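**Q** Okay, so here is coords-v2.cif, and as you'll see once you scroll down, it has mmCIF, C-alpha atoms.
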```
data_work
loop_
_atom_site.label_atom_id
_atom_site.label_comp_id
_atom_site.auth_asym_id
_atom_site.auth_seq_id
_atom_site.Cartn_x
_atom_site.Cartn_y
_atom_site.Cartn_z
CA MET A 1403 58.26 -43.18 -20.02
CA TRP A 1404 61.45 -45.04 -20.93
CA ASP A 1405 60.24 -45.69 -24.43
CA LEU A 1406 59.84 -41.94 -24.91
CA ILE A 1407 63.32 -41.24 -23.55
CA ILE A 1408 64.83 -43.86 -25.84
CA PHE A 1409 62.89 -42.44 -28.77
CA VAL A 1410 64.15 -38.91 -28.14
CA ALA A 1411 67.69 -40.19 -27.53
CA LEU A 1412 67.63 -42.05 -30.85
CA ILE A 1413 66.45 -38.91 -32.64
CA VAL A 1414 69.25 -36.86 -31.08
CA ILE A 1415 71.89 -39.49 -31.87
CA GLY A 1416 70.52 -39.86 -35.40
CA TYR A 1417 70.54 -36.13 -35.97
CA VAL A 1418 74.02 -35.44 -34.59
CA ALA A 1419 75.67 -38.48 -36.17
CA GLY A 1420 73.81 -37.94 -39.44
CA ARG A 1421 74.83 -34.28 -39.68
CA ILE A 1422 78.48 -34.99 -38.94
CA ALA A 1423 78.61 -37.86 -41.44
CA GLU A 1424 76.85 -35.76 -44.06
CA SER A 1425 79.13 -32.74 -43.85
CA ARG A 1426 82.24 -34.94 -43.90
CA HIS A 1427 80.93 -36.87 -46.86
CA TYR A 1428 80.09 -33.73 -48.82
CA ALA A 1429 83.57 -32.36 -48.16
CA SER A 1430 85.09 -35.58 -49.47
CA ILE A 1431 82.76 -35.63 -52.49
CA ARG A 1432 83.67 -32.07 -53.50
CA LYS A 1433 87.36 -32.81 -53.16
CA ARG A 1434 87.23 -36.00 -55.26
CA GLU A 1435 84.94 -34.43 -57.89
CA LYS A 1436 87.74 -31.98 -58.64
CA GLU A 1437 90.27 -34.80 -58.59
CA PHE A 1438 88.33 -36.89 -61.14
CA ALA A 1439 87.19 -33.96 -63.29
CA GLY A 1440 89.47 -35.35 -66.03
CA VAL A 1441 87.21 -38.34 -66.63
CA MET A 1442 84.31 -37.06 -68.73
CA LEU A 1443 80.82 -38.51 -68.60
CA PHE A 1444 78.48 -38.85 -71.59
CA ALA A 1445 74.89 -39.98 -71.33
CA SER A 1446 74.81 -40.73 -75.06
CA ARG A 1447 75.14 -44.30 -76.29
CA PHE A 1448 77.46 -43.10 -79.05
CA PRO A 1449 81.01 -42.11 -78.33
CA PRO A 1450 81.89 -38.53 -79.31
CA THR A 1451 84.58 -39.94 -81.55
CA LEU A 1452 84.31 -42.54 -84.27
CA GLU A 1453 87.72 -43.91 -83.54
CA ALA A 1454 87.67 -47.53 -82.43
CA LEU A 1455 88.87 -47.26 -78.84
CA PRO A 1456 89.36 -50.08 -76.33
CA GLN A 1457 86.27 -50.41 -74.19
CA GLN A 1458 85.67 -51.45 -70.65
CA LEU A 1459 82.51 -51.73 -68.56
CA VAL A 1460 82.93 -49.68 -65.39
CA SER A 1461 80.57 -49.34 -62.47
CA GLY A 1462 80.41 -47.75 -59.08
CA SER A 1463 77.92 -48.65 -56.42
CA VAL A 1464 77.08 -47.37 -52.97
CA VAL A 1465 74.68 -48.56 -50.28
CA VAL A 1466 73.34 -45.93 -47.91
CA SER A 1467 71.05 -46.09 -44.94
CA ASP A 1468 69.06 -43.26 -43.43
CA ASP A 1469 69.49 -42.23 -39.82
CA TYR A 1470 66.78 -42.27 -37.17
CA PHE A 1471 66.19 -38.54 -37.44
CA LYS A 1472 65.66 -38.69 -41.21
CA ARG A 1473 63.36 -41.66 -40.76
CA VAL A 1474 61.17 -39.85 -38.22
CA VAL A 1475 61.01 -36.66 -40.29
CA SER A 1476 60.15 -38.58 -43.46
CA GLY A 1477 57.61 -40.64 -41.51
CA LEU A 1478 55.90 -37.47 -40.33
CA GLN A 1479 56.13 -35.91 -43.77
CA SER A 1480 54.55 -38.97 -45.36
CA ILE A 1481 51.41 -38.40 -43.28
CA ILE A 1482 50.65 -35.24 -45.24
CA GLY A 1483 52.75 -35.96 -48.34
CA GLY A 1484 55.11 -33.62 -50.11
CA ARG A 1485 58.84 -33.49 -50.64
CA LEU A 1486 60.90 -35.77 -48.44
CA LYS A 1487 63.58 -33.16 -47.95
CA SER A 1488 65.47 -35.27 -45.44
CA TYR A 1489 66.10 -37.95 -48.09
CA GLU A 1490 67.17 -35.51 -50.83
CA THR A 1491 70.67 -35.03 -49.47
CA LEU A 1492 71.00 -38.75 -48.79
CA LEU A 1493 70.25 -39.72 -52.38
CA ASP A 1494 72.25 -36.79 -53.78
CA ARG A 1495 75.27 -38.05 -51.85
CA ALA A 1496 74.66 -41.63 -52.98
CA ARG A 1497 74.46 -40.72 -56.69
CA ARG A 1498 77.57 -38.56 -56.58
CA GLU A 1499 79.50 -41.17 -54.61
CA ALA A 1500 78.51 -43.88 -57.11
CA VAL A 1501 79.72 -41.72 -60.01
CA LEU A 1502 82.98 -41.02 -58.21
CA ARG A 1503 83.62 -44.74 -57.64
CA MET A 1504 82.85 -45.44 -61.29
CA LYS A 1505 85.21 -42.66 -62.35
CA ALA A 1506 87.92 -44.03 -60.08
CA GLU A 1507 87.59 -47.42 -61.75
CA ALA A 1508 87.72 -45.85 -65.21
CA LYS A 1509 90.76 -43.81 -64.29
CA ALA A 1510 92.48 -46.94 -63.02
CA HIS A 1511 91.94 -48.42 -66.49
CA GLY A 1512 93.47 -45.34 -68.04
CA ALA A 1513 90.15 -44.15 -69.52
CA ARG A 1514 89.38 -40.45 -69.95
CA MET A 1515 85.70 -40.77 -70.78
CA ILE A 1516 82.68 -42.91 -69.95
CA VAL A 1517 79.78 -43.10 -72.37
CA ASN A 1518 76.27 -44.47 -71.99
CA VAL A 1519 76.27 -43.63 -68.28
CA LYS A 1520 73.21 -45.00 -66.47
CA PHE A 1521 71.94 -45.18 -62.90
CA GLU A 1522 70.12 -47.95 -61.10
CA THR A 1523 68.51 -47.60 -57.70
CA PHE A 1524 67.47 -50.50 -55.51
CA SER A 1525 65.65 -50.50 -52.24
CA ILE A 1526 67.37 -53.02 -49.96
CA PRO A 1527 64.28 -54.10 -47.97
CA GLY A 1528 62.21 -54.26 -51.14
CA ARG A 1529 58.57 -54.28 -50.20
CA LYS A 1530 59.10 -55.59 -46.69
CA PRO A 1531 58.05 -52.88 -44.26
CA ASN A 1532 59.85 -52.56 -40.89
CA SER A 1533 63.05 -53.90 -42.39
CA VAL A 1534 66.31 -52.00 -42.66
CA ARG A 1535 65.84 -48.85 -44.71
CA ALA A 1536 68.68 -48.61 -47.17
CA MET A 1537 69.21 -47.96 -50.86
CA GLU A 1538 71.77 -49.03 -53.32
CA VAL A 1539 72.63 -46.52 -56.04
CA MET A 1540 74.70 -47.86 -58.88
CA ALA A 1541 76.23 -45.97 -61.80
CA TYR A 1542 77.64 -47.82 -64.79
CA GLY A 1543 78.84 -47.05 -68.25
CA THR A 1544 81.35 -47.85 -70.95
CA ALA A 1545 84.82 -46.49 -70.34
CA LEU A 1546 86.79 -45.66 -73.49
CA ARG A 1547 90.52 -45.84 -73.20
CA SER A 1548 92.50 -43.32 -75.18
CA ALA A 1549 94.32 -45.04 -77.96
CA MET B 562 87.78 -35.38 -82.36
CA PRO B 563 85.79 -32.29 -81.34
CA SER B 564 86.53 -30.78 -77.99
CA TYR B 565 84.29 -31.75 -75.07
CA GLU B 566 84.26 -30.84 -71.45
CA ASN B 567 82.14 -31.70 -68.38
CA PRO B 568 81.39 -28.35 -66.75
CA GLU B 569 81.47 -28.28 -62.98
CA ILE B 570 77.92 -28.81 -61.75
CA PRO B 571 76.80 -26.17 -59.24
CA ASP B 572 76.74 -27.68 -55.78
CA GLY B 573 73.49 -28.26 -53.95
CA ILE B 574 71.07 -27.99 -56.85
CA ASN B 575 69.40 -31.29 -56.04
CA VAL B 576 68.69 -30.69 -52.39
CA SER B 577 66.42 -28.39 -50.41
CA HIS B 578 68.15 -25.86 -48.25
CA THR B 579 65.62 -25.85 -45.41
CA HIS B 580 67.35 -26.65 -42.14
CA PRO B 581 66.38 -30.19 -41.16
CA LEU B 582 65.49 -29.06 -37.63
CA ALA B 583 63.16 -26.38 -38.99
CA ASP B 584 61.47 -29.04 -41.06
CA PHE B 585 61.23 -31.29 -38.02
CA ALA B 586 59.81 -28.51 -35.84
CA ARG B 587 57.19 -27.68 -38.45
CA LEU B 588 56.05 -31.30 -38.73
CA VAL B 589 56.07 -32.05 -35.01
CA GLY B 590 54.32 -28.76 -34.22
CA GLY B 591 51.58 -29.49 -36.73
CA LEU B 592 51.15 -33.01 -35.44
CA VAL B 593 50.95 -31.86 -31.82
CA VAL B 594 48.29 -29.28 -32.68
CA VAL B 595 46.19 -31.85 -34.55
CA ILE B 596 46.54 -34.48 -31.81
CA ALA B 597 45.75 -31.93 -29.08
CA LEU B 598 42.59 -30.90 -30.94
CA VAL B 599 41.44 -34.49 -31.46
CA VAL B 600 42.25 -35.58 -27.90
CA GLY B 601 40.64 -32.44 -26.48
CA LEU B 602 37.49 -33.15 -28.45
CA LEU B 603 37.45 -36.80 -27.38
CA MET B 604 38.00 -35.84 -23.74
CA LEU B 605 35.11 -33.41 -23.97
CA VAL B 606 32.87 -36.08 -25.46
CA ALA B 607 34.01 -38.70 -22.92
CA GLY B 608 33.34 -36.29 -20.05
CA ARG B 609 29.82 -35.65 -21.31
CA VAL B 610 28.99 -39.22 -22.22
CA ALA B 611 30.30 -40.64 -18.91
CA LYS B 612 27.32 -39.06 -17.14
CA PHE B 613 25.05 -41.55 -18.84
CA ILE B 614 26.78 -44.51 -17.22
CA PRO B 615 24.28 -45.82 -14.63
CA PHE B 616 25.27 -45.06 -11.04
CA GLU B 617 25.10 -48.79 -10.17
CA THR B 618 27.91 -49.39 -12.66
CA GLU B 619 29.92 -46.64 -11.00
CA ILE B 620 29.41 -48.27 -7.60
CA ALA B 621 30.47 -51.64 -9.00
CA MET B 622 33.61 -50.05 -10.50
CA ALA B 623 34.56 -48.45 -7.21
CA GLY B 624 33.67 -51.55 -5.18
CA PRO B 625 37.03 -53.32 -5.09
CA PHE B 626 38.85 -50.18 -4.05
CA ALA B 627 36.37 -48.69 -1.62
CA GLU B 628 37.67 -50.72 1.34
CA LYS B 629 41.01 -48.93 1.03
CA LEU B 630 39.21 -45.74 2.01
CA ASP B 631 38.42 -47.14 5.45
CA GLY B 632 41.57 -46.41 7.37
CA SER B 633 39.89 -44.91 10.38
CA ASP B 634 41.10 -45.65 13.88
CA SER B 635 38.20 -43.87 15.54
CA LYS B 636 34.68 -45.21 15.41
CA VAL B 637 33.35 -41.99 17.00
CA LEU B 638 34.72 -39.79 14.21
CA SER B 639 33.85 -42.28 11.51
CA ASP B 640 30.27 -42.51 12.74
CA TYR B 641 30.03 -38.74 13.11
CA VAL B 642 31.14 -38.15 9.53
CA LYS B 643 28.61 -40.70 8.33
CA THR B 644 25.86 -39.05 10.41
CA VAL B 645 26.57 -35.55 9.09
CA THR B 646 26.81 -36.91 5.55
CA ALA B 647 23.45 -38.67 5.86
CA LYS B 648 21.92 -35.47 7.25
CA VAL B 649 23.25 -33.32 4.40
CA ALA B 650 22.50 -35.95 1.76
CA ALA B 651 18.86 -35.71 2.80
CA GLY B 652 19.00 -32.03 1.87
CA HIS B 653 20.24 -32.98 -1.60
CA ASP B 654 17.63 -34.24 -3.98
CA LEU B 655 19.57 -37.38 -4.79
CA PRO B 656 18.14 -39.44 -7.63
CA PRO B 657 17.03 -42.99 -6.70
CA GLY B 658 19.93 -45.43 -6.58
CA MET B 659 22.52 -42.77 -5.77
CA VAL B 660 24.08 -43.80 -2.47
CA ILE B 661 26.64 -41.65 -0.68
CA THR B 662 29.19 -43.50 1.44
CA ALA B 663 31.26 -41.35 3.78
CA HIS B 664 34.71 -42.27 5.06
CA TYR B 665 36.91 -40.69 7.68
CA LEU B 666 40.69 -40.86 7.39
CA PRO B 667 42.81 -39.79 10.37
CA ASP B 668 45.27 -37.77 8.32
CA ASP B 669 46.28 -34.17 9.04
CA THR B 670 45.54 -33.14 5.46
CA VAL B 671 43.10 -30.23 5.39
CA ASN B 672 41.01 -31.74 2.64
CA ALA B 673 38.02 -33.81 1.62
CA PHE B 674 37.24 -35.37 -1.71
CA ALA B 675 34.53 -37.16 -3.65
CA THR B 676 35.31 -40.08 -5.88
CA LEU B 677 33.69 -42.81 -7.94
CA GLY B 678 30.72 -44.71 -6.62
CA GLY B 679 29.52 -41.95 -4.30
CA HIS B 680 32.42 -42.36 -1.88
CA ILE B 681 33.34 -39.24 0.07
CA VAL B 682 36.48 -39.01 2.16
CA VAL B 683 36.94 -36.48 4.98
CA TYR B 684 40.36 -36.06 6.61
CA GLY B 685 40.94 -35.42 10.28
CA GLY B 686 42.89 -32.27 9.41
CA LEU B 687 39.82 -30.78 7.79
CA MET B 688 37.60 -31.61 10.77
CA ARG B 689 40.06 -29.91 13.13
CA GLU B 690 40.15 -26.84 10.87
CA MET B 691 36.35 -26.52 10.81
CA PRO B 692 34.93 -24.93 13.98
CA ASP B 693 31.51 -26.59 13.97
CA GLU B 694 29.17 -28.98 12.23
CA ASN B 695 27.77 -26.40 9.81
CA THR B 696 31.11 -25.57 8.23
CA LEU B 697 32.01 -29.26 7.99
CA ALA B 698 28.58 -29.90 6.48
CA MET B 699 29.30 -27.31 3.78
CA VAL B 700 32.41 -29.22 2.70
CA ILE B 701 30.55 -32.54 2.73
CA SER B 702 27.63 -30.96 0.89
CA HIS B 703 30.06 -29.66 -1.75
CA GLU B 704 31.47 -33.17 -2.21
CA ILE B 705 27.99 -34.71 -2.39
CA ALA B 706 27.18 -32.13 -5.07
CA HIS B 707 30.15 -33.42 -7.09
CA VAL B 708 28.73 -36.94 -6.90
CA ARG B 709 25.24 -35.73 -7.72
CA LEU B 710 26.54 -33.87 -10.79
CA ARG B 711 28.47 -37.05 -11.77
CA HIS B 712 31.78 -35.19 -11.78
CA PRO B 713 33.94 -38.15 -10.65
CA ILE B 714 32.86 -40.40 -13.50
CA SER B 715 33.26 -37.68 -16.13
CA SER B 716 36.67 -36.87 -14.74
CA MET B 717 37.60 -40.54 -14.99
CA GLY B 718 36.26 -40.67 -18.55
CA ARG B 719 38.46 -37.73 -19.49
CA GLY B 720 41.43 -39.32 -17.76
CA LEU B 721 40.93 -42.59 -19.62
CA VAL B 722 40.80 -40.91 -23.02
CA PHE B 723 43.88 -38.88 -22.16
CA GLY B 724 45.71 -42.01 -21.03
CA MET B 725 44.81 -43.93 -24.14
CA ALA B 726 45.93 -41.05 -26.35
CA LEU B 727 49.19 -40.89 -24.41
CA ALA B 728 49.61 -44.64 -24.87
CA VAL B 729 49.89 -44.04 -28.62
CA VAL B 730 52.97 -41.91 -27.99
CA SER B 731 54.42 -43.77 -25.04
CA ALA B 732 53.07 -47.23 -24.22
CA SER B 733 54.36 -47.23 -20.66
CA GLY B 734 53.44 -43.61 -19.89
CA GLY B 735 49.93 -43.96 -21.30
CA GLY B 736 49.49 -47.34 -19.68
CA SER B 737 50.30 -45.97 -16.26
CA VAL B 738 47.80 -43.14 -16.70
CA VAL B 739 45.12 -45.63 -17.75
CA SER B 740 45.85 -48.02 -14.88
CA GLN B 741 45.91 -45.07 -12.49
CA ALA B 742 42.55 -43.86 -13.74
CA LEU B 743 41.06 -47.35 -13.42
CA GLY B 744 42.96 -48.53 -10.36
CA SER B 745 42.93 -47.67 -6.72
CA ALA B 746 45.38 -44.81 -7.19
CA GLY B 747 42.90 -43.13 -9.52
CA LEU B 748 40.13 -43.62 -7.02
CA LEU B 749 42.16 -41.88 -4.36
CA THR B 750 43.94 -39.09 -6.15
CA THR B 751 43.84 -38.48 -9.86
CA LEU B 752 40.27 -37.27 -10.20
CA SER B 753 40.46 -33.58 -10.87
CA PHE B 754 37.55 -31.30 -11.49
CA SER B 755 37.42 -28.18 -13.59
CA ARG B 756 36.78 -24.77 -12.09
CA ASP B 757 33.30 -24.74 -13.58
CA GLN B 758 32.58 -28.06 -11.91
CA GLU B 759 33.83 -26.66 -8.59
CA ARG B 760 31.57 -23.62 -8.95
CA ALA B 761 28.58 -25.80 -9.77
CA ALA B 762 29.31 -27.98 -6.74
CA ASP B 763 29.61 -24.88 -4.54
CA ALA B 764 26.19 -23.62 -5.63
CA LEU B 765 24.48 -26.97 -5.30
CA GLY B 766 26.23 -27.71 -2.01
CA LEU B 767 25.16 -24.38 -0.55
CA ASP B 768 21.57 -24.98 -1.60
CA ALA B 769 21.54 -28.34 0.23
CA LEU B 770 23.18 -26.75 3.29
CA VAL B 771 20.33 -24.26 3.52
CA ARG B 772 17.75 -27.02 3.12
CA THR B 773 19.40 -29.01 5.90
CA TYR B 774 19.94 -26.31 8.51
CA GLY B 775 17.41 -23.68 7.44
CA HIS B 776 20.12 -20.99 7.08
CA ALA B 777 23.34 -20.47 5.16
CA ALA B 778 25.64 -19.86 8.12
CA GLY B 779 28.95 -21.61 7.64
CA GLY B 780 28.69 -21.60 3.83
CA ALA B 781 31.19 -18.80 3.33
CA GLU B 782 32.99 -19.37 6.64
CA THR B 783 34.12 -22.79 5.40
CA PHE B 784 36.14 -21.26 2.59
CA ARG B 785 37.53 -18.52 4.83
CA ARG B 786 38.84 -21.27 7.08
CA LEU B 787 40.24 -23.17 4.12
CA GLN B 788 41.85 -19.99 2.86
CA SER B 789 43.63 -19.34 6.16
CA ALA B 790 44.61 -23.02 6.37
CA HIS B 791 46.11 -22.76 2.90
CA ASP B 792 47.90 -19.50 3.64
CA GLY B 793 51.58 -20.02 4.04
CA GLN B 794 51.51 -22.88 1.56
CA LEU B 795 52.80 -22.42 -1.94
CA ARG B 796 49.77 -22.17 -4.16
CA PRO B 797 49.56 -22.19 -7.96
CA PRO B 798 48.46 -18.93 -9.57
CA ALA B 799 44.72 -18.57 -10.13
CA LEU B 800 44.92 -19.40 -13.83
CA LEU B 801 46.66 -22.73 -13.21
CA SER B 802 44.61 -23.82 -10.25
CA THR B 803 41.48 -25.86 -10.86
CA HIS B 804 39.85 -24.60 -7.69
CA PRO B 805 38.43 -21.10 -7.90
CA VAL B 806 40.47 -18.72 -5.81
CA ASP B 807 39.07 -18.73 -2.28
CA THR B 808 38.31 -14.98 -2.18
CA GLU B 809 36.45 -15.23 -5.46
CA ARG B 810 34.64 -18.28 -4.12
CA ILE B 811 33.63 -16.59 -0.90
CA ALA B 812 32.31 -13.58 -2.82
CA THR B 813 30.28 -15.83 -5.13
CA ILE B 814 28.83 -17.73 -2.18
CA GLU B 815 27.90 -14.52 -0.33
CA LYS B 816 26.28 -13.19 -3.48
CA THR B 817 24.31 -16.42 -3.95
CA ILE B 818 23.09 -16.23 -0.34
CA ALA B 819 21.99 -12.62 -0.82
CA ASP B 820 20.35 -13.33 -4.20
CA HIS B 821 18.25 -16.14 -2.77
CA GLY B 822 17.37 -14.19 0.35
CA TRP B 823 18.72 -16.97 2.57
CA ALA B 824 19.50 -16.15 6.20
CA PRO B 825 23.26 -15.57 6.29
CA THR B 826 23.44 -16.36 10.01
CA GLY B 827 21.69 -18.75 12.31
CA PRO B 828 22.26 -21.12 15.20
CA MET B 829 25.44 -23.12 14.67
CA THR B 830 25.52 -26.79 15.64
CA PRO B 831 28.68 -27.48 17.62
CA TYR B 832 30.66 -30.71 17.38
CA PRO B 833 29.43 -33.23 19.97
CA ALA B 834 31.67 -33.52 23.04
CA ASP B 835 32.94 -37.02 22.19
CA VAL B 836 33.90 -35.86 18.71
CA VAL B 837 35.89 -32.93 20.11
CA THR B 838 37.69 -35.31 22.47
CA ALA B 839 38.38 -37.80 19.71
CA LEU B 840 39.70 -35.10 17.37
CA GLY B 841 42.11 -33.67 19.91
CA PRO B 842 43.85 -30.33 19.51
CA LYS B 843 45.25 -29.01 16.25
CA PRO B 844 48.75 -30.35 15.74
#
```
As structure tokens - that is how I would like this structure written.
**A**
Amino acid sequence: MWDLIIFVALIVIGYVAGRIAESRHYASIRKREKEFAGVMLFASRFPPTLEALPQQLVSGSVVVSDDYFKRVVSGLQSIIGGRLKSYETLLDRARREAVLRMKAEAKAHGARMIVNVKFETFSIPGRKPNSVRAMEVMAYGTALRSA
Amino acid sequence: MPSYENPEIPDGINVSHTHPLADFARLVGGLVVVIALVVGLLMLVAGRVAKFIPFETEIAMAGPFAEKLDGSDSKVLSDYVKTVTAKVAAGHDLPPGMVITAHYLPDDTVNAFATLGGHIVVYGGLMREMPDENTLAMVISHEIAHVRLRHPISSMGRGLVFGMALAVVSASGGGSVVSQALGSAGLLTTLSFSRDQERAADALGLDALVRTYGHAAGGAETFRRLQSAHDGQLRPPALLSTHPVDTERIATIEKTIADHGWAPTGPMTPYPADVVTALGPKP
């Protein structure tokens, strides 16, 4: 019986803590996205200007873990397949946070644009099952300083 | 340099807007329905298949626990219960190898039960509630009918499957159900029979009562007595109870007696004098 109680308690803790963390994080993301709107992102390898500008590699990385609730929901969902909705917000937050950290670095270098922006995603446990479930999302690109 | 701008990306375009709890409820609900269907099916199969376990195996399973059923302090009552049981068992067409062992327990519980290995337990409370041998014989006959129809072993089979299924969800919870079903606690308490099984045991028990005494007197009276003994106690509503409601039971028994043309009355066999003395008055 105790294992069931612990299981339910973990789900409740995971859900409550996860929801609070998520809404706080989104609030912070929205605020900083406005703050860093001045640093423009370009996916293209070629800078929009042919001027020779000083360059700098910038990157931003974030490591996120799921909570117990998300893990249980995704575990159940993976029985029948389909969209893992509980992980969508997690990875959305991770990508946006990585971009924000990259932008912050670029801004610190006095850059107003980043070209050739790319994302990398790593699974922390790799192929080991039953290990910690976390992801790293990394954004990197070439910051161009205004001359 | 041409003019560029990064437009503000609309918020929430990369996520689903289903509430996570709604998602959770949908998944858990679906899972519960599927598991309930599978477990229900397995329990049904286990209940049916258990009947094919030889009765000797059932006796061997019950063996280690059977001695716990002998808590009697009165040899007179113990012997009397065994005598009545043997008398009624003769009226049942028991298949070869099926042995009924009766036990008397000096508890005030108004109850009797049948369990694995042909063991039948009669409580002192029940004997005091029953006015004579015929009514007591009806209860014993009903319990023998359970054994004859192999209800205890199918009930245990169902219990085992349920316990094992529960063990998948909760190791300790399922484990305790399994050990209860297999252990002495299961032998004493957890066997529960369905209403259909109770009805079948009523019919078969009544038939053996008539064969033993030549008339059906006491058949319906037994349940009237049980009904009045149970009055004043909190009882579950008819739908939740596994035993058919007493009034419905009495009506069915009276109808069965009439349908078969059995004599509804006849000479009643009283309790022997030493039994009455040993039983004492109702508390």
**Q** Taking 6 positions as the minimum chain separation for residues in the same chain, which residues sit within 9 Å of range 655-665 of chain B when counting all atoms listed in the file? Answer as a PyMOL selection string.
**A** chain B and resi 616-617+620+630-635+638-644+646-647+678-685+701+705+708-709
**Q** Write a file of the just-selected residues containing C-alpha atoms, as a PDB file, keeping the file's coordinate frame.
**A**
```pdb
ATOM      1  CA  PHE B 616      25.270 -45.060 -11.040  1.00  0.00           C
ATOM      2  CA  GLU B 617      25.100 -48.790 -10.170  1.00  0.00           C
ATOM      3  CA  ILE B 620      29.410 -48.270  -7.600  1.00  0.00           C
ATOM      4  CA  LEU B 630      39.210 -45.740   2.010  1.00  0.00           C
ATOM      5  CA  ASP B 631      38.420 -47.140   5.450  1.00  0.00           C
ATOM      6  CA  GLY B 632      41.570 -46.410   7.370  1.00  0.00           C
ATOM      7  CA  SER B 633      39.890 -44.910  10.380  1.00  0.00           C
ATOM      8  CA  ASP B 634      41.100 -45.650  13.880  1.00  0.00           C
ATOM      9  CA  SER B 635      38.200 -43.870  15.540  1.00  0.00           C
ATOM     10  CA  LEU B 638      34.720 -39.790  14.210  1.00  0.00           C
ATOM     11  CA  SER B 639      33.850 -42.280  11.510  1.00  0.00           C
ATOM     12  CA  ASP B 640      30.270 -42.510  12.740  1.00  0.00           C
ATOM     13  CA  TYR B 641      30.030 -38.740  13.110  1.00  0.00           C
ATOM     14  CA  VAL B 642      31.140 -38.150   9.530  1.00  0.00           C
ATOM     15  CA  LYS B 643      28.610 -40.700   8.330  1.00  0.00           C
ATOM     16  CA  THR B 644      25.860 -39.050  10.410  1.00  0.00           C
ATOM     17  CA  THR B 646      26.810 -36.910   5.550  1.00  0.00           C
ATOM     18  CA  ALA B 647      23.450 -38.670   5.860  1.00  0.00           C
ATOM     19  CA  GLY B 678      30.720 -44.710  -6.620  1.00  0.00           C
ATOM     20  CA  GLY B 679      29.520 -41.950  -4.300  1.00  0.00           C
ATOM     21  CA  HIS B 680      32.420 -42.360  -1.880  1.00  0.00           C
ATOM     22  CA  ILE B 681      33.340 -39.240   0.070  1.00  0.00           C
ATOM     23  CA  VAL B 682      36.480 -39.010   2.160  1.00  0.00           C
ATOM     24  CA  VAL B 683      36.940 -36.480   4.980  1.00  0.00           C
ATOM     25  CA  TYR B 684      40.360 -36.060   6.610  1.00  0.00           C
ATOM     26  CA  GLY B 685      40.940 -35.420  10.280  1.00  0.00           C
ATOM     27  CA  ILE B 701      30.550 -32.540   2.730  1.00  0.00           C
ATOM     28  CA  ILE B 705      27.990 -34.710  -2.390  1.00  0.00           C
ATOM     29  CA  VAL B 708      28.730 -36.940  -6.900  1.00  0.00           C
ATOM     30  CA  ARG B 709      25.240 -35.730  -7.720  1.00  0.00           C
TER      31      ARG B 709
END
```
**Q** Hey, what's within 9 Å of Met829 in chain B if we count all atoms listed in the file and toss same-chain stuff fewer than 6 positions away? As an mmCIF file with C-alpha atoms, keeping the file's coordinate frame, please?
**A**
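Once everything was written out, this is selection.cif:
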```cif
data_model
loop_
_atom_site.group_PDB
_atom_site.id
_atom_site.type_symbol
_atom_site.label_atom_id
_atom_site.label_comp_id
_atom_site.auth_asym_id
_atom_site.auth_seq_id
_atom_site.Cartn_x
_atom_site.Cartn_y
_atom_site.Cartn_z
ATOM 1 C CA ASP B 693 31.510 -26.590 13.970
ATOM 2 C CA GLU B 694 29.170 -28.980 12.230
ATOM 3 C CA ASN B 695 27.770 -26.400 9.810
ATOM 4 C CA THR B 696 31.110 -25.570 8.230
ATOM 5 C CA TYR B 774 19.940 -26.310 8.510
ATOM 6 C CA ALA B 778 25.640 -19.860 8.120
ATOM 7 C CA GLY B 779 28.950 -21.610 7.640
#
```
**Q** Starting from the PyMOL selection byres ((chain A) within 10 of (chain B)), expand the selection into actual residues of this file and give them as an MDAnalysis selection string.
**A** chainID A and resid 1403:1407 1409 1417 1421 1428 1432 1435:1436 1439:1444 1450:1453 1471:1472 1474:1479 1481:1482 1485:1495
**Q** List as a PyMOL selection string the protein and nucleic acid residues near range 1499-1513 of chain A, meaning an atom at most 10 Å away when only C-alpha atoms are counted, but skip any in the same chain fewer than 2 places from it.
**A** chain A and resi 1427-1428+1430-1431+1434-1435+1437-1443+1455-1465+1493-1497+1515-1516+1519-1521+1538-1549
**Q** Written as number ranges by chain, which residues does the PyMOL selection byres ((chain B and resi 767) around 10) give for the file shown?
**A** B: 653, 698-700, 702-703, 706, 761-766, 768-773, 776-781, 814, 817-818
**Q** I'd like the neighbourhood of Ala611 in chain B as JSON, numbers by chain, where a residue qualifies if any of its atoms comes within 7 Å (using all atoms listed in the file), though same-chain residues fewer than 4 positions away should be ignored.
**A** {"B": [607, 714, 715, 718]}
**Q** Export C-alpha atoms of the chosen residues as an mmCIF file, keeping the file's coordinate frame?
**A**
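After the write, part.cif holds the following:
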```
data_model
loop_
_atom_site.group_PDB
_atom_site.id
_atom_site.type_symbol
_atom_site.label_atom_id
_atom_site.label_comp_id
_atom_site.auth_asym_id
_atom_site.auth_seq_id
_atom_site.Cartn_x
_atom_site.Cartn_y
_atom_site.Cartn_z
ATOM 1 C CA ALA B 607 34.010 -38.700 -22.920
ATOM 2 C CA ILE B 714 32.860 -40.400 -13.500
ATOM 3 C CA SER B 715 33.260 -37.680 -16.130
ATOM 4 C CA GLY B 718 36.260 -40.670 -18.550
#
```
